[in-house]
file final23.cif (mmCIF, C-alpha atoms)
data_query
#
loop_
_atom_site.group_PDB
_atom_site.id
_atom_site.type_symbol
_atom_site.label_atom_id
_atom_site.label_comp_id
_atom_site.auth_asym_id
_atom_site.auth_seq_id
_atom_site.Cartn_x
_atom_site.Cartn_y
_atom_site.Cartn_z
ATOM 1 C CA MET A 886 16.840 48.342 19.132
ATOM 2 C CA THR A 887 20.205 48.025 20.881
ATOM 3 C CA PRO A 888 23.391 49.406 19.283
ATOM 4 C CA LEU A 889 24.598 45.834 18.687
ATOM 5 C CA ALA A 890 21.365 44.910 16.930
ATOM 6 C CA LEU A 891 21.588 48.057 14.795
ATOM 7 C CA ILE A 892 25.163 47.210 13.809
ATOM 8 C CA MET A 893 24.103 43.679 12.818
ATOM 9 C CA THR A 894 21.163 45.052 10.816
ATOM 10 C CA ILE A 895 23.457 47.370 8.836
ATOM 11 C CA PHE A 896 25.960 44.546 8.380
ATOM 12 C CA ALA A 897 23.182 42.270 7.091
ATOM 13 C CA TYR A 898 22.098 44.851 4.513
ATOM 14 C CA LEU A 899 25.655 45.465 3.307
ATOM 15 C CA LEU A 900 26.411 41.748 3.068
ATOM 16 C CA GLY A 901 23.145 41.204 1.240
ATOM 17 C CA SER A 902 24.129 43.954 -1.191
ATOM 18 C CA ILE A 903 27.001 41.866 -2.550
ATOM 19 C CA SER A 904 25.482 40.447 -5.755
ATOM 20 C CA SER A 905 26.671 36.848 -5.981
ATOM 21 C CA ALA A 906 25.108 36.389 -9.416
ATOM 22 C CA VAL A 907 26.876 39.379 -10.946
ATOM 23 C CA LEU A 908 30.266 38.567 -9.400
ATOM 24 C CA ILE A 909 30.168 34.858 -10.276
ATOM 25 C CA CYS A 910 29.089 35.629 -13.841
ATOM 26 C CA ARG A 911 31.990 38.071 -14.155
ATOM 27 C CA LEU A 912 34.390 35.474 -12.772
ATOM 28 C CA LEU A 913 33.156 32.827 -15.230
ATOM 29 C CA LYS A 914 33.014 35.357 -18.107
ATOM 30 C CA LEU A 915 29.263 34.911 -18.505
ATOM 31 C CA PRO A 916 26.823 37.643 -19.565
ATOM 32 C CA ASP A 917 25.631 40.081 -16.902
ATOM 33 C CA PRO A 918 22.475 38.471 -15.434
ATOM 34 C CA ARG A 919 20.948 41.945 -15.016
ATOM 35 C CA GLU A 920 21.027 42.417 -18.782
ATOM 36 C CA THR A 921 20.459 38.863 -20.027
ATOM 37 C CA GLY A 922 17.631 36.357 -19.860
ATOM 38 C CA SER A 923 15.068 37.370 -17.261
ATOM 39 C CA GLN A 924 17.371 40.234 -16.164
ATOM 40 C CA ASN A 925 17.062 38.970 -12.588
ATOM 41 C CA PRO A 926 20.419 38.475 -10.785
ATOM 42 C CA GLY A 927 19.503 35.221 -9.087
ATOM 43 C CA ALA A 928 20.244 31.503 -9.298
ATOM 44 C CA THR A 929 17.351 30.698 -11.664
ATOM 45 C CA ASN A 930 18.477 33.191 -14.296
ATOM 46 C CA VAL A 931 22.118 32.134 -13.907
ATOM 47 C CA LEU A 932 20.962 28.544 -14.492
ATOM 48 C CA ARG A 933 19.480 29.671 -17.814
ATOM 49 C CA ILE A 934 22.547 31.574 -18.977
ATOM 50 C CA GLY A 935 25.429 29.715 -17.324
ATOM 51 C CA GLY A 936 24.402 26.186 -16.378
ATOM 52 C CA LYS A 937 24.052 24.194 -13.179
ATOM 53 C CA LYS A 938 27.487 24.752 -11.616
ATOM 54 C CA ALA A 939 27.239 28.528 -11.842
ATOM 55 C CA ALA A 940 23.669 28.448 -10.531
ATOM 56 C CA VAL A 941 24.612 26.292 -7.536
ATOM 57 C CA ALA A 942 27.482 28.645 -6.694
ATOM 58 C CA VAL A 943 25.102 31.618 -6.779
ATOM 59 C CA LEU A 944 22.514 29.744 -4.700
ATOM 60 C CA VAL A 945 25.020 28.864 -1.971
ATOM 61 C CA CYS A 946 26.470 32.385 -1.813
ATOM 62 C CA ASP A 947 23.024 33.976 -1.723
ATOM 63 C CA MET A 948 21.977 31.672 1.123
ATOM 64 C CA LEU A 949 25.114 32.530 3.101
ATOM 65 C CA LYS A 950 24.214 36.230 2.868
ATOM 66 C CA GLY A 951 21.197 35.423 5.014
ATOM 67 C CA THR A 952 22.738 32.765 7.226
ATOM 68 C CA ILE A 953 25.861 34.638 8.355
ATOM 69 C CA PRO A 954 24.239 37.752 9.886
ATOM 70 C CA VAL A 955 21.265 35.901 11.374
ATOM 71 C CA TRP A 956 23.322 33.081 12.866
ATOM 72 C CA GLY A 957 25.874 35.570 14.166
ATOM 73 C CA SER A 958 23.091 37.605 15.763
ATOM 74 C CA TYR A 959 21.584 34.467 17.280
ATOM 75 C CA PHE A 960 24.867 33.692 19.050
ATOM 76 C CA LEU A 961 24.981 37.306 20.249
ATOM 77 C CA ASN A 962 21.658 36.618 22.041
ATOM 78 C CA ILE A 963 19.646 39.074 19.970
ATOM 79 C CA GLU A 964 15.914 38.527 20.499
ATOM 80 C CA PRO A 965 13.820 36.626 17.891
ATOM 81 C CA PHE A 966 11.843 39.657 16.654
ATOM 82 C CA VAL A 967 15.043 41.592 15.944
ATOM 83 C CA LEU A 968 16.474 38.516 14.219
ATOM 84 C CA GLY A 969 13.552 38.899 11.824
ATOM 85 C CA ILE A 970 14.511 42.530 11.194
ATOM 86 C CA ILE A 971 18.102 41.466 10.509
ATOM 87 C CA ALA A 972 16.904 38.765 8.107
ATOM 88 C CA ILE A 973 14.752 41.326 6.285
ATOM 89 C CA ALA A 974 17.750 43.679 6.071
ATOM 90 C CA ALA A 975 19.802 40.933 4.396
ATOM 91 C CA CYS A 976 17.005 40.300 1.893
ATOM 92 C CA LEU A 977 16.561 44.020 1.233
ATOM 93 C CA GLY A 978 20.275 44.203 0.510
ATOM 94 C CA HIS A 979 19.904 41.371 -1.993
ATOM 95 C CA MET A 980 16.835 42.973 -3.590
ATOM 96 C CA TYR A 981 18.148 46.547 -3.584
ATOM 97 C CA PRO A 982 21.973 46.292 -3.386
ATOM 98 C CA ILE A 983 23.721 49.576 -2.694
ATOM 99 C CA PHE A 984 26.852 48.300 -4.477
ATOM 100 C CA PHE A 985 24.991 47.366 -7.694
ATOM 101 C CA HIS A 986 22.752 50.373 -8.409
ATOM 102 C CA PHE A 987 19.914 48.931 -6.283
ATOM 103 C CA LYS A 988 19.066 46.351 -8.966
ATOM 104 C CA GLY A 989 18.927 42.968 -7.254
ATOM 105 C CA GLY A 990 17.152 39.632 -7.137
ATOM 106 C CA LYS A 991 13.986 38.288 -5.536
ATOM 107 C CA GLY A 992 15.559 37.279 -2.214
ATOM 108 C CA VAL A 993 14.330 33.676 -2.000
ATOM 109 C CA ALA A 994 17.728 32.033 -1.457
ATOM 110 C CA THR A 995 18.807 34.743 0.992
ATOM 111 C CA ALA A 996 15.560 34.297 2.923
ATOM 112 C CA LEU A 997 16.118 30.533 3.054
ATOM 113 C CA GLY A 998 19.624 31.133 4.354
ATOM 114 C CA ALA A 999 18.251 33.489 7.006
ATOM 115 C CA ILE A 1000 15.680 30.898 8.128
ATOM 116 C CA ALA A 1001 18.181 28.007 8.139
ATOM 117 C CA PRO A 1002 19.656 28.778 11.607
ATOM 118 C CA ILE A 1003 16.241 28.055 13.154
ATOM 119 C CA GLY A 1004 16.784 24.364 12.477
ATOM 120 C CA LEU A 1005 17.611 21.704 9.908
ATOM 121 C CA ASP A 1006 14.088 20.258 10.131
ATOM 122 C CA LEU A 1007 12.539 23.578 9.115
ATOM 123 C CA THR A 1008 15.101 24.076 6.359
ATOM 124 C CA ALA A 1009 14.435 20.578 5.027
ATOM 125 C CA ALA A 1010 10.656 21.131 5.026
ATOM 126 C CA ILE A 1011 11.063 24.387 3.094
ATOM 127 C CA MET A 1012 13.487 22.918 0.544
ATOM 128 C CA ILE A 1013 11.358 19.807 -0.026
ATOM 129 C CA THR A 1014 8.268 21.978 -0.567
ATOM 130 C CA TRP A 1015 10.095 24.133 -3.109
ATOM 131 C CA LEU A 1016 11.471 21.098 -4.970
ATOM 132 C CA LEU A 1017 8.112 19.304 -5.097
ATOM 133 C CA VAL A 1018 6.277 22.338 -6.487
ATOM 134 C CA ALA A 1019 9.094 23.141 -8.933
ATOM 135 C CA VAL A 1020 9.216 19.545 -10.238
ATOM 136 C CA VAL A 1021 5.444 19.199 -10.564
ATOM 137 C CA PHE A 1022 4.634 22.638 -12.051
ATOM 138 C CA ARG A 1023 8.079 23.705 -13.391
ATOM 139 C CA TYR A 1024 7.637 27.303 -12.238
ATOM 140 C CA SER A 1025 10.416 28.581 -9.977
ATOM 141 C CA SER A 1026 8.346 31.585 -8.910
ATOM 142 C CA LEU A 1027 5.297 29.471 -8.056
ATOM 143 C CA ALA A 1028 7.492 27.147 -6.009
ATOM 144 C CA ALA A 1029 8.904 30.152 -4.148
ATOM 145 C CA LEU A 1030 5.486 31.648 -3.485
ATOM 146 C CA ILE A 1031 3.906 28.436 -2.197
ATOM 147 C CA THR A 1032 6.968 27.742 -0.069
ATOM 148 C CA VAL A 1033 7.017 31.162 1.603
ATOM 149 C CA LEU A 1034 3.274 30.972 2.255
ATOM 150 C CA LEU A 1035 3.778 27.644 4.056
ATOM 151 C CA ALA A 1036 7.013 28.627 5.840
ATOM 152 C CA PRO A 1037 5.297 30.453 8.757
ATOM 153 C CA LEU A 1038 3.100 27.379 9.341
ATOM 154 C CA TYR A 1039 6.138 25.093 9.363
ATOM 155 C CA THR A 1040 7.871 27.478 11.772
ATOM 156 C CA TRP A 1041 4.869 27.536 14.109
ATOM 157 C CA MET A 1042 4.880 23.729 14.174
ATOM 158 C CA ILE A 1043 8.623 23.456 14.844
ATOM 159 C CA LYS A 1044 9.734 26.600 16.759
ATOM 160 C CA PRO A 1045 6.716 28.859 17.319
ATOM 161 C CA MET A 1046 8.710 31.731 18.867
ATOM 162 C CA TYR A 1047 10.121 32.484 15.401
ATOM 163 C CA THR A 1048 6.763 32.479 13.580
ATOM 164 C CA LEU A 1049 6.348 36.274 13.466
ATOM 165 C CA PRO A 1050 9.879 37.016 12.145
ATOM 166 C CA VAL A 1051 9.519 34.323 9.485
ATOM 167 C CA ALA A 1052 6.061 35.627 8.495
ATOM 168 C CA MET A 1053 7.481 39.155 8.142
ATOM 169 C CA LEU A 1054 10.245 37.848 5.904
ATOM 170 C CA CYS A 1055 7.810 35.826 3.794
ATOM 171 C CA CYS A 1056 5.549 38.848 3.245
ATOM 172 C CA LEU A 1057 8.522 40.711 1.796
ATOM 173 C CA ILE A 1058 9.247 37.856 -0.614
ATOM 174 C CA VAL A 1059 5.616 37.726 -1.780
ATOM 175 C CA LEU A 1060 5.599 41.487 -2.426
ATOM 176 C CA ARG A 1061 8.828 41.209 -4.440
ATOM 177 C CA HIS A 1062 7.156 38.590 -6.667
ATOM 178 C CA HIS A 1063 4.205 40.786 -7.697
ATOM 179 C CA GLN A 1064 5.232 40.773 -11.364
ATOM 180 C CA ASN A 1065 5.654 36.980 -11.310
ATOM 181 C CA ILE A 1066 2.164 36.624 -9.838
ATOM 182 C CA LYS A 1067 0.729 38.679 -12.706
ATOM 183 C CA ARG A 1068 2.557 36.525 -15.280
ATOM 184 C CA LEU A 1069 1.437 33.303 -13.610
ATOM 185 C CA PHE A 1070 -2.182 34.391 -13.961
ATOM 186 C CA SER A 1071 -1.660 35.515 -17.561
ATOM 187 C CA GLY A 1072 0.229 32.330 -18.508
ATOM 188 C CA THR A 1073 3.402 34.167 -19.590
ATOM 189 C CA GLU A 1074 5.690 33.129 -16.732
ATOM 190 C CA PRO A 1075 8.784 31.207 -17.984
ATOM 191 C CA LYS A 1076 9.221 27.653 -16.758
ATOM 192 C CA VAL A 1077 12.357 26.113 -15.266
ATOM 193 C CA GLY A 1078 14.529 24.741 -18.064
ATOM 194 C CA GLU A 1079 12.572 26.547 -20.768
ATOM 195 C CA LYS A 1080 14.779 27.328 -23.736
ATOM 196 C CA LYS A 1081 12.939 30.440 -24.816
ATOM 197 C CA ILE A 1082 13.835 33.379 -22.605
ATOM 198 C CA VAL A 1083 10.889 35.522 -21.585
ATOM 199 C CA ASP A 1084 11.556 39.012 -20.288
ATOM 200 C CA GLU A 1085 11.069 39.193 -16.538
ATOM 201 C CA SER A 1086 11.481 42.160 -14.230
#

call {"tool": "encode", "arguments": {"input": "final23.cif", "output": "structure tokens"}}
result
Amino acid sequence: MTPLALIMTIFAYLLGSISSAVLICRLLKLPDPRETGSQNPGATNVLRIGGKKAAVAVLVCDMLKGTIPVWGSYFLNIEPFVLGIIAIAACLGHMYPIFFHFKGGKGVATALGAIAPIGLDLTAAIMITWLLVAVVFRYSSLAALITVLLAPLYTWMIKPMYTLPVAMLCCLIVLRHHQNIKRLFSGTEPKVGEKKIVDES
């Protein structure tokens, strides 16, 4: 890895470590998402505790944490495989933020933001897949899992040179959802818009 690539990897992790959910909830005087609802500092939990506007703000900021370092690295002519490493670093920052006691979210929005520079067609395919699964089954985690499993296939069809980096990123997201997978099988996973809050790691 070149010094420039290493610098961008560190930058991606540090940027990812800025918890949008926590900061936006503080700004709007909402409960700390790490201690309320599912205790997951992400857009879905903020939707439950703060409404749509707060959730959208978190979603956009979390996506930018992935987009900014990856897009910047792309324009610096960093090779595709290393772009994948930088994207993973951004997601690891979101999942294990150094500025917030290493207690972060699941990394789905940040991963989407990291993939977005590959192309609008790929981004649209991923977002449509997530929305369709979420609307039909009403499980945010199931929508995320199905989407990340299909993302490498979409990438191979659209820009195959980025398939391996995207697959690496998607594997990380699946691993981070291991508790959600258990709850989906046991039938205890909370649905989108569900009033009753179920504890979620």

call {"tool": "residues_around", "arguments": {"input": "final23.cif", "residues": "region 1041-1056 of chain A", "least_positions_apart": "3", "cutoff": "7 Å", "atoms": "all atoms listed in the file", "output": "JSON, numbers by chain"}}
result
{"A": [965, 966, 969, 973, 1007, 1033, 1034, 1037, 1038, 1059, 1060]}

call {"tool": "resolve_selection", "arguments": {"input": "final23.cif", "expression": "the PyMOL selection byres ((chain A and resi 940) around 9)", "output": "list in words"}}
result
Ala906, Gly927, Ala928, Thr929, Asn930, Val931, Leu932, Arg933, Gly935, Gly936, Lys937, Lys938, Ala939, Val941, Ala942, Val943, Leu944 and Val945 of chain A

call {"tool": "resolve_selection", "arguments": {"input": "final23.cif", "expression": "the PyMOL selection byres ((chain A and resi 925) around 10)", "output": "NGL selection string"}}
result
:A and (906-907 or 917-924 or 926-931 or 980 or 988-991 or 1084-1086)

call {"tool": "atom_distance", "arguments": {"input": "final23.cif", "atom1": "CA of Ile1000 (chain A)", "atom2": "CA of Thr887 (chain A)"}}
result
21.8 Å

call {"tool": "residues_near_point", "arguments": {"input": "final23.cif", "point": "(17.3, 32.7, 4.7)", "cutoff": "9 Å", "atoms": "only C-alpha atoms", "output": "CSV table (one decimal) with C-alpha atoms, in the frame of the given file"}}
result
chain,number,residue,atom,x,y,z
A,947,ASP,CA,23.0,34.0,-1.7
A,948,MET,CA,22.0,31.7,1.1
A,949,LEU,CA,25.1,32.5,3.1
A,950,LYS,CA,24.2,36.2,2.9
A,951,GLY,CA,21.2,35.4,5.0
A,952,THR,CA,22.7,32.8,7.2
A,955,VAL,CA,21.3,35.9,11.4
A,972,ALA,CA,16.9,38.8,8.1
A,975,ALA,CA,19.8,40.9,4.4
A,976,CYS,CA,17.0,40.3,1.9
A,992,GLY,CA,15.6,37.3,-2.2
A,993,VAL,CA,14.3,33.7,-2.0
A,994,ALA,CA,17.7,32.0,-1.5
A,995,THR,CA,18.8,34.7,1.0
A,996,ALA,CA,15.6,34.3,2.9
A,997,LEU,CA,16.1,30.5,3.1
A,998,GLY,CA,19.6,31.1,4.4
A,999,ALA,CA,18.3,33.5,7.0
A,1000,ILE,CA,15.7,30.9,8.1
A,1001,ALA,CA,18.2,28.0,8.1
A,1002,PRO,CA,19.7,28.8,11.6
A,1054,LEU,CA,10.2,37.8,5.9

call {"tool": "closest_residue", "arguments": {"input": "final23.cif", "among": "A:Phe1070, A:Phe896, A:Tyr981, A:Tyr1039", "to": "Pro954 (chain A)", "atoms": "only C-alpha atoms"}}
result
A:Phe896

call {"tool": "closest_residue", "arguments": {"input": "final23.cif", "among": "A:Met893, A:Ile1031, A:Ile1058, A:Val1077", "to": "Asn962 (chain A)", "atoms": "only C-alpha atoms"}}
result
A:Met893

call {"tool": "resolve_selection", "arguments": {"input": "final23.cif", "expression": "the PyMOL selection byres ((chain A and resi 892) around 12)", "output": "number ranges by chain"}}
result
A: 886-891, 893-899, 954, 957-958, 961, 963, 967, 970-971, 974

call {"tool": "write_last_selection", "arguments": {"input": "final23.cif", "atoms": "C-alpha atoms", "output": "CSV table (one decimal), in the frame of the given file"}}
result
chain,number,residue,atom,x,y,z
A,886,MET,CA,16.8,48.3,19.1
A,887,THR,CA,20.2,48.0,20.9
A,888,PRO,CA,23.4,49.4,19.3
A,889,LEU,CA,24.6,45.8,18.7
A,890,ALA,CA,21.4,44.9,16.9
A,891,LEU,CA,21.6,48.1,14.8
A,893,MET,CA,24.1,43.7,12.8
A,894,THR,CA,21.2,45.1,10.8
A,895,ILE,CA,23.5,47.4,8.8
A,896,PHE,CA,26.0,44.5,8.4
A,897,ALA,CA,23.2,42.3,7.1
A,898,TYR,CA,22.1,44.9,4.5
A,899,LEU,CA,25.7,45.5,3.3
A,954,PRO,CA,24.2,37.8,9.9
A,957,GLY,CA,25.9,35.6,14.2
A,958,SER,CA,23.1,37.6,15.8
A,961,LEU,CA,25.0,37.3,20.2
A,963,ILE,CA,19.6,39.1,20.0
A,967,VAL,CA,15.0,41.6,15.9
A,970,ILE,CA,14.5,42.5,11.2
A,971,ILE,CA,18.1,41.5,10.5
A,974,ALA,CA,17.8,43.7,6.1

call {"tool": "atom_distance", "arguments": {"input": "final23.cif", "atom1": "CA of Phe1022 (chain A)", "atom2": "CA of Leu1069 (chain A)"}}
result
11.2 Å

call {"tool": "closest_residue", "arguments": {"input": "final23.cif", "among": "A:Ser904, A:Ser1026, A:Thr1014, A:Thr1008", "to": "Gln1064 (chain A)", "atoms": "only C-alpha atoms"}}
result
A:Ser1026

call {"tool": "atom_distance", "arguments": {"input": "final23.cif", "atom1": "CA of Phe984 (chain A)", "atom2": "CA of Leu968 (chain A)"}}
result
23.5 Å

call {"tool": "closest_residue", "arguments": {"input": "final23.cif", "among": "A:Leu1030, A:Gly978, A:Thr1040, A:Phe987", "to": "Ala1009 (chain A)", "atoms": "all atoms listed in the file"}}
result
A:Thr1040

call {"tool": "residues_around", "arguments": {"input": "final23.cif", "residues": "Leu915 (chain A)", "least_positions_apart": "4", "cutoff": "8 Å", "atoms": "all atoms listed in the file", "output": "JSON, numbers by chain"}}
result
{"A": [910, 911, 934, 935]}

call {"tool": "axis_aligned_box", "arguments": {"input": "final23.cif", "around": "region 1008-1015 of chain A", "padding_each_side": "8 Å", "output": "lines of an AutoDock Vina configuration file"}}
result
center_x = 11.7
center_y = 22.1
center_z = 1.6
size_x = 22.8
size_y = 20.6
size_z = 25.5
